[in-house]
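Coordinates from input-v7.tsv are shown below (TSV, C-alpha atoms).
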```tsv
chain	number	residue	atom	x	y	z
A	1	LEU	CA	21.46	-79.95	-59.98
A	2	ILE	CA	19.20	-76.93	-59.99
A	3	SER	CA	18.86	-75.61	-56.46
A	4	GLN	CA	15.41	-75.58	-54.89
A	5	LYS	CA	15.91	-71.90	-54.17
A	6	ILE	CA	15.27	-71.13	-57.84
A	7	VAL	CA	11.76	-72.59	-57.73
A	8	THR	CA	10.22	-70.81	-54.76
A	9	THR	CA	6.67	-70.20	-55.98
A	10	LYS	CA	3.50	-72.20	-56.44
A	11	LEU	CA	3.00	-70.42	-59.76
A	12	VAL	CA	5.61	-72.45	-61.64
A	13	THR	CA	4.54	-72.84	-65.25
A	14	PRO	CA	5.26	-75.75	-67.63
A	15	SER	CA	7.49	-73.52	-69.77
A	16	PHE	CA	9.53	-72.56	-66.69
A	17	ILE	CA	10.00	-76.22	-65.74
A	18	GLN	CA	10.95	-77.05	-69.32
A	19	SER	CA	13.62	-74.32	-69.34
A	20	LEU	CA	15.14	-75.75	-66.16
A	21	ILE	CA	15.10	-79.27	-67.60
A	22	GLN	CA	16.91	-77.97	-70.66
A	23	TYR	CA	19.50	-76.38	-68.42
A	24	GLN	CA	20.09	-79.62	-66.58
A	25	LYS	CA	20.68	-81.38	-69.90
A	26	ILE	CA	23.37	-78.92	-71.03
A	27	MET	CA	25.25	-79.35	-67.75
A	28	ILE	CA	26.80	-82.49	-69.23
A	29	ASN	CA	28.35	-80.47	-72.06
A	30	SER	CA	31.84	-78.99	-71.92
A	31	GLN	CA	32.05	-75.90	-69.77
A	32	PRO	CA	32.47	-72.52	-71.45
A	33	LYS	CA	35.14	-70.10	-70.25
A	34	VAL	CA	32.63	-67.32	-69.50
A	35	SER	CA	29.00	-67.19	-68.44
A	36	VAL	CA	27.44	-63.88	-69.46
A	37	LEU	CA	24.56	-63.02	-67.15
A	38	MET	CA	21.80	-60.75	-68.46
A	39	PRO	CA	18.82	-60.02	-66.17
A	40	VAL	CA	15.76	-58.72	-68.00
A	41	TYR	CA	12.66	-56.86	-66.93
A	42	ASN	CA	10.61	-55.09	-69.61
A	43	GLY	CA	13.63	-54.64	-71.85
A	44	GLU	CA	11.91	-55.11	-75.21
A	45	LEU	CA	13.05	-51.77	-76.61
A	46	TYR	CA	16.80	-52.32	-76.35
A	47	ILE	CA	17.37	-55.99	-75.62
A	48	ARG	CA	18.19	-56.92	-79.20
A	49	GLU	CA	21.08	-54.46	-79.20
A	50	ALA	CA	22.34	-55.88	-75.91
A	51	ILE	CA	22.14	-59.50	-77.07
A	52	ASP	CA	23.76	-58.73	-80.43
A	53	SER	CA	26.64	-56.96	-78.69
A	54	ILE	CA	27.42	-60.18	-76.80
A	55	LEU	CA	26.95	-62.55	-79.73
A	56	ASN	CA	29.30	-60.38	-81.80
A	57	GLN	CA	32.18	-60.49	-79.30
A	58	THR	CA	35.65	-61.38	-80.59
A	59	PHE	CA	35.81	-63.90	-77.73
A	60	SER	CA	33.31	-66.67	-78.44
A	61	ASP	CA	33.74	-69.29	-75.70
A	62	PHE	CA	30.77	-68.22	-73.60
A	63	GLU	CA	27.20	-69.00	-72.68
A	64	LEU	CA	24.65	-66.19	-72.47
A	65	ILE	CA	22.26	-66.73	-69.57
A	66	ILE	CA	19.21	-64.51	-69.98
A	67	ILE	CA	16.83	-64.50	-67.02
A	68	ASP	CA	13.54	-62.72	-67.56
A	69	ASP	CA	12.00	-61.48	-64.31
A	70	CYS	CA	8.36	-61.85	-65.40
A	71	SER	CA	8.35	-59.03	-67.96
A	72	THR	CA	5.01	-57.63	-69.04
A	73	ASP	CA	6.22	-56.50	-72.47
A	74	GLY	CA	7.59	-58.45	-75.44
A	75	SER	CA	11.06	-59.13	-74.05
A	76	VAL	CA	10.74	-62.92	-74.06
A	77	ALA	CA	9.34	-62.92	-77.60
A	78	VAL	CA	12.40	-61.00	-78.79
A	79	ILE	CA	14.78	-63.39	-77.04
A	80	LYS	CA	13.04	-66.40	-78.57
A	81	THR	CA	13.78	-65.14	-82.09
A	82	TYR	CA	17.44	-66.09	-81.55
A	83	THR	CA	18.67	-69.57	-82.47
A	84	ASP	CA	22.24	-69.27	-81.18
A	85	SER	CA	22.90	-72.34	-79.03
A	86	ARG	CA	24.93	-70.27	-76.57
A	87	ILE	CA	21.77	-68.50	-75.36
A	88	ARG	CA	20.06	-69.98	-72.29
A	89	LEU	CA	16.69	-68.41	-71.51
A	90	ILE	CA	15.02	-68.74	-68.12
A	91	ALA	CA	11.59	-67.08	-67.89
A	92	ASN	CA	10.61	-66.69	-64.25
A	93	PRO	CA	6.86	-66.96	-63.52
A	94	ILE	CA	6.85	-64.15	-60.92
A	95	ASN	CA	8.93	-61.03	-60.40
A	96	GLN	CA	11.70	-61.64	-57.86
A	97	GLY	CA	13.94	-58.59	-58.09
A	98	LEU	CA	17.48	-58.04	-59.34
A	99	SER	CA	19.48	-59.53	-56.46
A	100	PHE	CA	17.50	-62.77	-56.63
A	101	ILE	CA	17.95	-62.95	-60.41
A	102	LEU	CA	21.70	-62.38	-60.16
A	103	ASN	CA	22.05	-65.18	-57.62
A	104	GLN	CA	19.88	-67.41	-59.80
A	105	GLY	CA	22.28	-66.73	-62.66
A	106	ASN	CA	25.29	-67.45	-60.46
A	107	LYS	CA	23.78	-70.84	-59.65
A	108	LEU	CA	23.12	-71.68	-63.28
A	109	ALA	CA	26.49	-70.49	-64.56
A	110	ARG	CA	28.85	-73.22	-65.75
A	111	ALA	CA	31.93	-71.07	-66.36
A	112	GLU	CA	34.75	-69.99	-64.07
A	113	TYR	CA	34.23	-66.34	-65.06
A	114	ILE	CA	30.90	-64.51	-64.97
A	115	ALA	CA	30.35	-61.32	-66.96
A	116	ARG	CA	27.45	-58.99	-66.22
A	117	ILE	CA	25.45	-57.11	-68.83
A	118	ASP	CA	22.15	-55.27	-68.58
A	119	CYS	CA	19.44	-55.63	-71.20
A	120	ASP	CA	19.73	-52.03	-72.41
A	121	ASP	CA	23.52	-51.66	-72.60
A	122	ILE	CA	25.96	-52.41	-75.42
A	123	SER	CA	29.24	-54.24	-74.89
A	124	LEU	CA	31.99	-53.23	-77.31
A	125	PRO	CA	33.34	-56.13	-79.43
A	126	LYS	CA	36.55	-56.83	-77.49
A	127	ARG	CA	35.08	-56.52	-74.03
A	128	LEU	CA	35.07	-60.23	-73.11
A	129	GLU	CA	38.42	-60.85	-74.79
A	130	LYS	CA	40.17	-58.13	-72.82
A	131	GLN	CA	38.61	-59.05	-69.48
A	132	VAL	CA	39.35	-62.76	-69.87
A	133	GLU	CA	42.96	-61.98	-70.78
A	134	TYR	CA	43.29	-59.78	-67.70
A	135	LEU	CA	41.86	-62.33	-65.25
A	136	ASP	CA	43.97	-65.09	-66.79
A	137	ARG	CA	47.11	-62.98	-66.29
A	138	HIS	CA	46.18	-61.78	-62.79
A	139	PRO	CA	45.05	-64.71	-60.60
A	140	ASP	CA	45.07	-62.41	-57.58
A	141	ILE	CA	42.24	-60.27	-59.00
A	142	ALA	CA	38.70	-61.40	-58.16
A	143	VAL	CA	36.76	-58.92	-60.31
A	144	VAL	CA	37.66	-56.67	-63.22
A	145	GLY	CA	35.66	-53.83	-64.74
A	146	ALA	CA	36.48	-51.16	-67.32
A	147	GLN	CA	35.43	-47.72	-68.47
A	148	SER	CA	32.16	-46.81	-70.20
A	149	ILE	CA	30.43	-44.04	-72.08
A	150	ASP	CA	26.83	-42.89	-71.63
A	151	ILE	CA	24.34	-43.11	-74.50
A	152	ASP	CA	20.78	-41.88	-74.84
A	153	THR	CA	17.65	-43.73	-75.96
A	154	GLU	CA	18.75	-43.46	-79.59
A	155	GLY	CA	22.25	-44.72	-78.91
A	156	LYS	CA	23.92	-41.33	-79.23
A	157	VAL	CA	26.83	-40.58	-76.92
A	158	THR	CA	25.85	-38.13	-74.18
A	159	LYS	CA	29.08	-38.27	-72.18
A	160	ASN	CA	32.57	-39.24	-73.28
A	161	GLN	CA	33.10	-40.84	-69.86
A	162	SER	CA	30.35	-42.17	-67.60
A	163	MET	CA	30.11	-40.66	-64.11
A	164	TYR	CA	33.85	-40.63	-63.37
A	165	PRO	CA	36.95	-42.58	-64.44
A	166	TYR	CA	36.81	-45.89	-62.62
A	167	PRO	CA	40.04	-46.64	-60.72
A	168	VAL	CA	42.42	-48.94	-62.57
A	169	GLU	CA	44.88	-50.12	-59.94
A	170	PRO	CA	43.75	-52.34	-57.02
A	171	SER	CA	45.14	-49.91	-54.42
A	172	SER	CA	43.29	-46.89	-55.81
A	173	LEU	CA	40.14	-48.98	-56.30
A	174	ARG	CA	40.16	-50.00	-52.65
A	175	TRP	CA	40.46	-46.37	-51.59
A	176	THR	CA	37.70	-45.24	-53.98
A	177	ALA	CA	35.37	-47.93	-52.66
A	178	SER	CA	35.36	-46.25	-49.28
A	179	TYR	CA	33.13	-43.49	-50.65
A	180	LEU	CA	32.04	-44.44	-54.22
A	181	CYS	CA	31.04	-47.59	-56.06
A	182	PRO	CA	34.30	-48.67	-57.75
A	183	PHE	CA	32.78	-50.55	-60.71
A	184	ARG	CA	30.20	-50.05	-63.42
A	185	HIS	CA	28.02	-53.02	-62.51
A	186	PRO	CA	26.97	-54.25	-66.00
A	187	LEU	CA	30.63	-54.12	-67.06
A	188	VAL	CA	32.21	-56.40	-64.48
A	189	MET	CA	33.64	-59.88	-64.94
A	190	TYR	CA	34.33	-61.86	-61.79
A	191	ARG	CA	35.51	-65.23	-60.61
A	192	ARG	CA	32.47	-67.34	-59.79
A	193	GLN	CA	34.39	-69.32	-57.18
A	194	ILE	CA	35.01	-66.19	-55.14
A	195	LEU	CA	31.88	-64.09	-55.51
A	196	TRP	CA	29.40	-66.95	-55.43
A	197	GLU	CA	31.01	-69.93	-53.71
A	198	LYS	CA	33.03	-68.06	-51.08
A	199	LEU	CA	31.05	-64.85	-50.53
A	200	GLY	CA	27.58	-66.30	-51.11
A	201	GLY	CA	26.52	-63.95	-53.88
A	202	TYR	CA	24.35	-60.87	-53.67
A	203	ASP	CA	22.39	-59.92	-50.57
A	204	GLU	CA	18.76	-60.52	-51.55
A	205	THR	CA	17.49	-58.30	-48.74
A	206	ILE	CA	18.93	-55.28	-50.58
A	207	SER	CA	16.86	-53.69	-53.34
A	208	PHE	CA	19.17	-50.75	-54.08
A	209	ALA	CA	22.97	-50.59	-54.54
A	210	GLU	CA	23.29	-54.35	-54.23
A	211	ASP	CA	26.46	-54.12	-56.29
A	212	TYR	CA	28.14	-51.61	-53.97
A	213	GLU	CA	27.40	-53.87	-51.02
A	214	ILE	CA	29.00	-56.92	-52.58
A	215	TRP	CA	32.10	-54.98	-53.69
A	216	GLN	CA	32.51	-53.71	-50.14
A	217	ARG	CA	32.15	-57.24	-48.82
A	218	LEU	CA	34.61	-58.58	-51.36
A	219	LEU	CA	37.24	-55.99	-50.48
A	220	ASN	CA	36.65	-56.41	-46.75
A	221	ASN	CA	37.47	-60.10	-47.21
A	222	ASN	CA	40.85	-59.12	-48.66
A	223	TYR	CA	40.06	-59.87	-52.29
A	224	GLN	CA	41.31	-57.53	-55.00
A	225	GLY	CA	39.57	-55.72	-57.85
A	226	ALA	CA	40.70	-53.65	-60.82
A	227	ASN	CA	39.38	-51.80	-63.86
A	228	LEU	CA	40.77	-51.77	-67.35
A	229	PRO	CA	41.55	-48.29	-68.72
A	230	GLU	CA	39.72	-48.94	-72.00
A	231	ILE	CA	36.12	-48.00	-72.73
A	232	LEU	CA	34.30	-51.31	-73.24
A	233	LEU	CA	30.62	-50.48	-72.70
A	234	LYS	CA	27.95	-48.11	-73.93
A	235	TYR	CA	25.72	-47.46	-70.91
A	236	ARG	CA	22.08	-46.34	-70.88
```
Target format structure tokens, applied to this file:
Amino acid sequence: LISQKIVTTKLVTPSFIQSLIQYQKIMINSQPKVSVLMPVYNGELYIREAIDSILNQTFSDFELIIIDDCSTDGSVAVIKTYTDSRIRLIANPINQGLSFILNQGNKLARAEYIARIDCDDISLPKRLEKQVEYLDRHPDIAVVGAQSIDIDTEGKVTKNQSMYPYPVEPSSLRWTASYLCPFRHPLVMYRRQILWEKLGGYDETISFAEDYEIWQRLLNNNYQGANLPEILLKYR
């Protein structure tokens, strides 16, 4: 059932209710392996690239949960041009902020693995395949990221490596997390049972660096994380 926490406003619209009813109906279907979670706020300019990069993955057993946080541009109109049955659109009637949206997506997700993607980034074709393979082979790892490259507004590479090489091994990642965020947030894939069911998801009182906080909490609870050495995301 859809948690009451998702509907917390008196401004609920008929289209919002209809989207939730649709989601309840698909809960009876077979569960996908991965739920890809894409939060959106005024992402009209780049969202088509982001969606296409997920739909064109070599790994196809996923649902794409797109949650629009009351955009004021044409984001929702762009999303509605897609007919792929794997896309699940939730259009929130008021702006709630990123942490709320991420927890909303965690609630709606049907898969054991959740992959993050932002509405202006581009996942490389084998991203999901490689991350699923890694988590399947390493049951002790709760979250896996990878490397990325920076691109500009036109999609041109501005840096061969974004920010810094993200630590690959769990031991080095734990050490790095003591002073830097150890993952590129829109590039992670994590086990829903751990991050959502055991840790309770993102802290909705935090409006900045909500990802760093949850990685710290995850590691402090003796869970492990890792990053793949491959570049699997183009980051704006």
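One distance worth recording is that between atom CA of Glu204 of chain A and atom CA of Glu63 of chain A, which is 24.3 Å.
You can rank A:Trp196, A:Phe62, A:Tyr190, A:Tyr41 by their closest distance to Asp84 of chain A using only C-alpha atoms, and at the top of that list sits A:Phe62.
Nearest-residue note for Ser99 of chain A: choosing from A:Pro39, A:Pro186, A:Gly155, A:Pro229, the minimum distance belongs to A:Pro39, counting all atoms listed in the file.
For the atom pair formed by atom CA of Ile87 of chain A and atom CA of Val40 of chain A, the distance is 13.6 Å, given to one decimal.
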Quick one: residues within 9 Å of Asn103 of chain A, only C-alpha atoms, excluding same-chain residues fewer than 2 positions away - as a PyMOL selection string?
chain A and resi 98-101+105-108+196+200-204
Using all atoms listed in the file, which residues sit within 12 Å of Lys130 of chain A once same-chain residues fewer than 6 positions away are excluded, as number ranges by chain?
A: 57-59, 115, 123-124, 136-137, 144-146, 187-189, 227-232
Any chance you could export the current selection's C-alpha atoms as a PDB file, in the frame of the given file?
```
ATOM      1  CA  GLN A  57      32.180 -60.490 -79.300  1.00  0.00           C
ATOM      2  CA  THR A  58      35.650 -61.380 -80.590  1.00  0.00           C
ATOM      3  CA  PHE A  59      35.810 -63.900 -77.730  1.00  0.00           C
ATOM      4  CA  ALA A 115      30.350 -61.320 -66.960  1.00  0.00           C
ATOM      5  CA  SER A 123      29.240 -54.240 -74.890  1.00  0.00           C
ATOM      6  CA  LEU A 124      31.990 -53.230 -77.310  1.00  0.00           C
ATOM      7  CA  ASP A 136      43.970 -65.090 -66.790  1.00  0.00           C
ATOM      8  CA  ARG A 137      47.110 -62.980 -66.290  1.00  0.00           C
ATOM      9  CA  VAL A 144      37.660 -56.670 -63.220  1.00  0.00           C
ATOM     10  CA  GLY A 145      35.660 -53.830 -64.740  1.00  0.00           C
ATOM     11  CA  ALA A 146      36.480 -51.160 -67.320  1.00  0.00           C
ATOM     12  CA  LEU A 187      30.630 -54.120 -67.060  1.00  0.00           C
ATOM     13  CA  VAL A 188      32.210 -56.400 -64.480  1.00  0.00           C
ATOM     14  CA  MET A 189      33.640 -59.880 -64.940  1.00  0.00           C
ATOM     15  CA  ASN A 227      39.380 -51.800 -63.860  1.00  0.00           C
ATOM     16  CA  LEU A 228      40.770 -51.770 -67.350  1.00  0.00           C
ATOM     17  CA  PRO A 229      41.550 -48.290 -68.720  1.00  0.00           C
ATOM     18  CA  GLU A 230      39.720 -48.940 -72.000  1.00  0.00           C
ATOM     19  CA  ILE A 231      36.120 -48.000 -72.730  1.00  0.00           C
ATOM     20  CA  LEU A 232      34.300 -51.310 -73.240  1.00  0.00           C
TER      21      LEU A 232
END
```
Per-axis box centre and lengths in Å around segment 99-111 of chain A, 6 Å margin per side, axis-aligned, as lines of an AutoDock Vina configuration file:
```
center_x = 24.7
center_y = -66.4
center_z = -61.4
size_x = 26.4
size_y = 25.7
size_z = 21.9
```
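Among the candidates A:Leu199, A:Val36, A:Arg217, A:Ala209, the one nearest to Arg127 of chain A when counting all atoms listed in the file is A:Val36.
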Between A:Lys126, A:Lys198, A:Arg236, A:Arg88, smallest distance to Asn221 of chain A by only C-alpha atoms belongs to A:Lys198
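If you look at atom CA of Thr83 of chain A and atom CA of Asp118 of chain A, they are 20.2 Å away from each other.
Nearest residue to Ser60 of chain A, choosing from A:Leu89, A:Val132, A:Val157, A:Ile117 and counting all atoms listed in the file: A:Val132.
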Of A:Tyr46, A:Tyr113, A:Phe183, A:Trp175, the one sitting nearest Ala226 of chain A when using all atoms listed in the file is A:Phe183
Considering only C-alpha atoms, return as a PyMOL selection string whatever protein or nucleic-acid residues lie within 9 Å of segment 69-75 of chain A, sequence-local ones (same chain, fewer than 2 positions apart) excluded.
chain A and resi 39-45+47+67+77-80+90-98+101
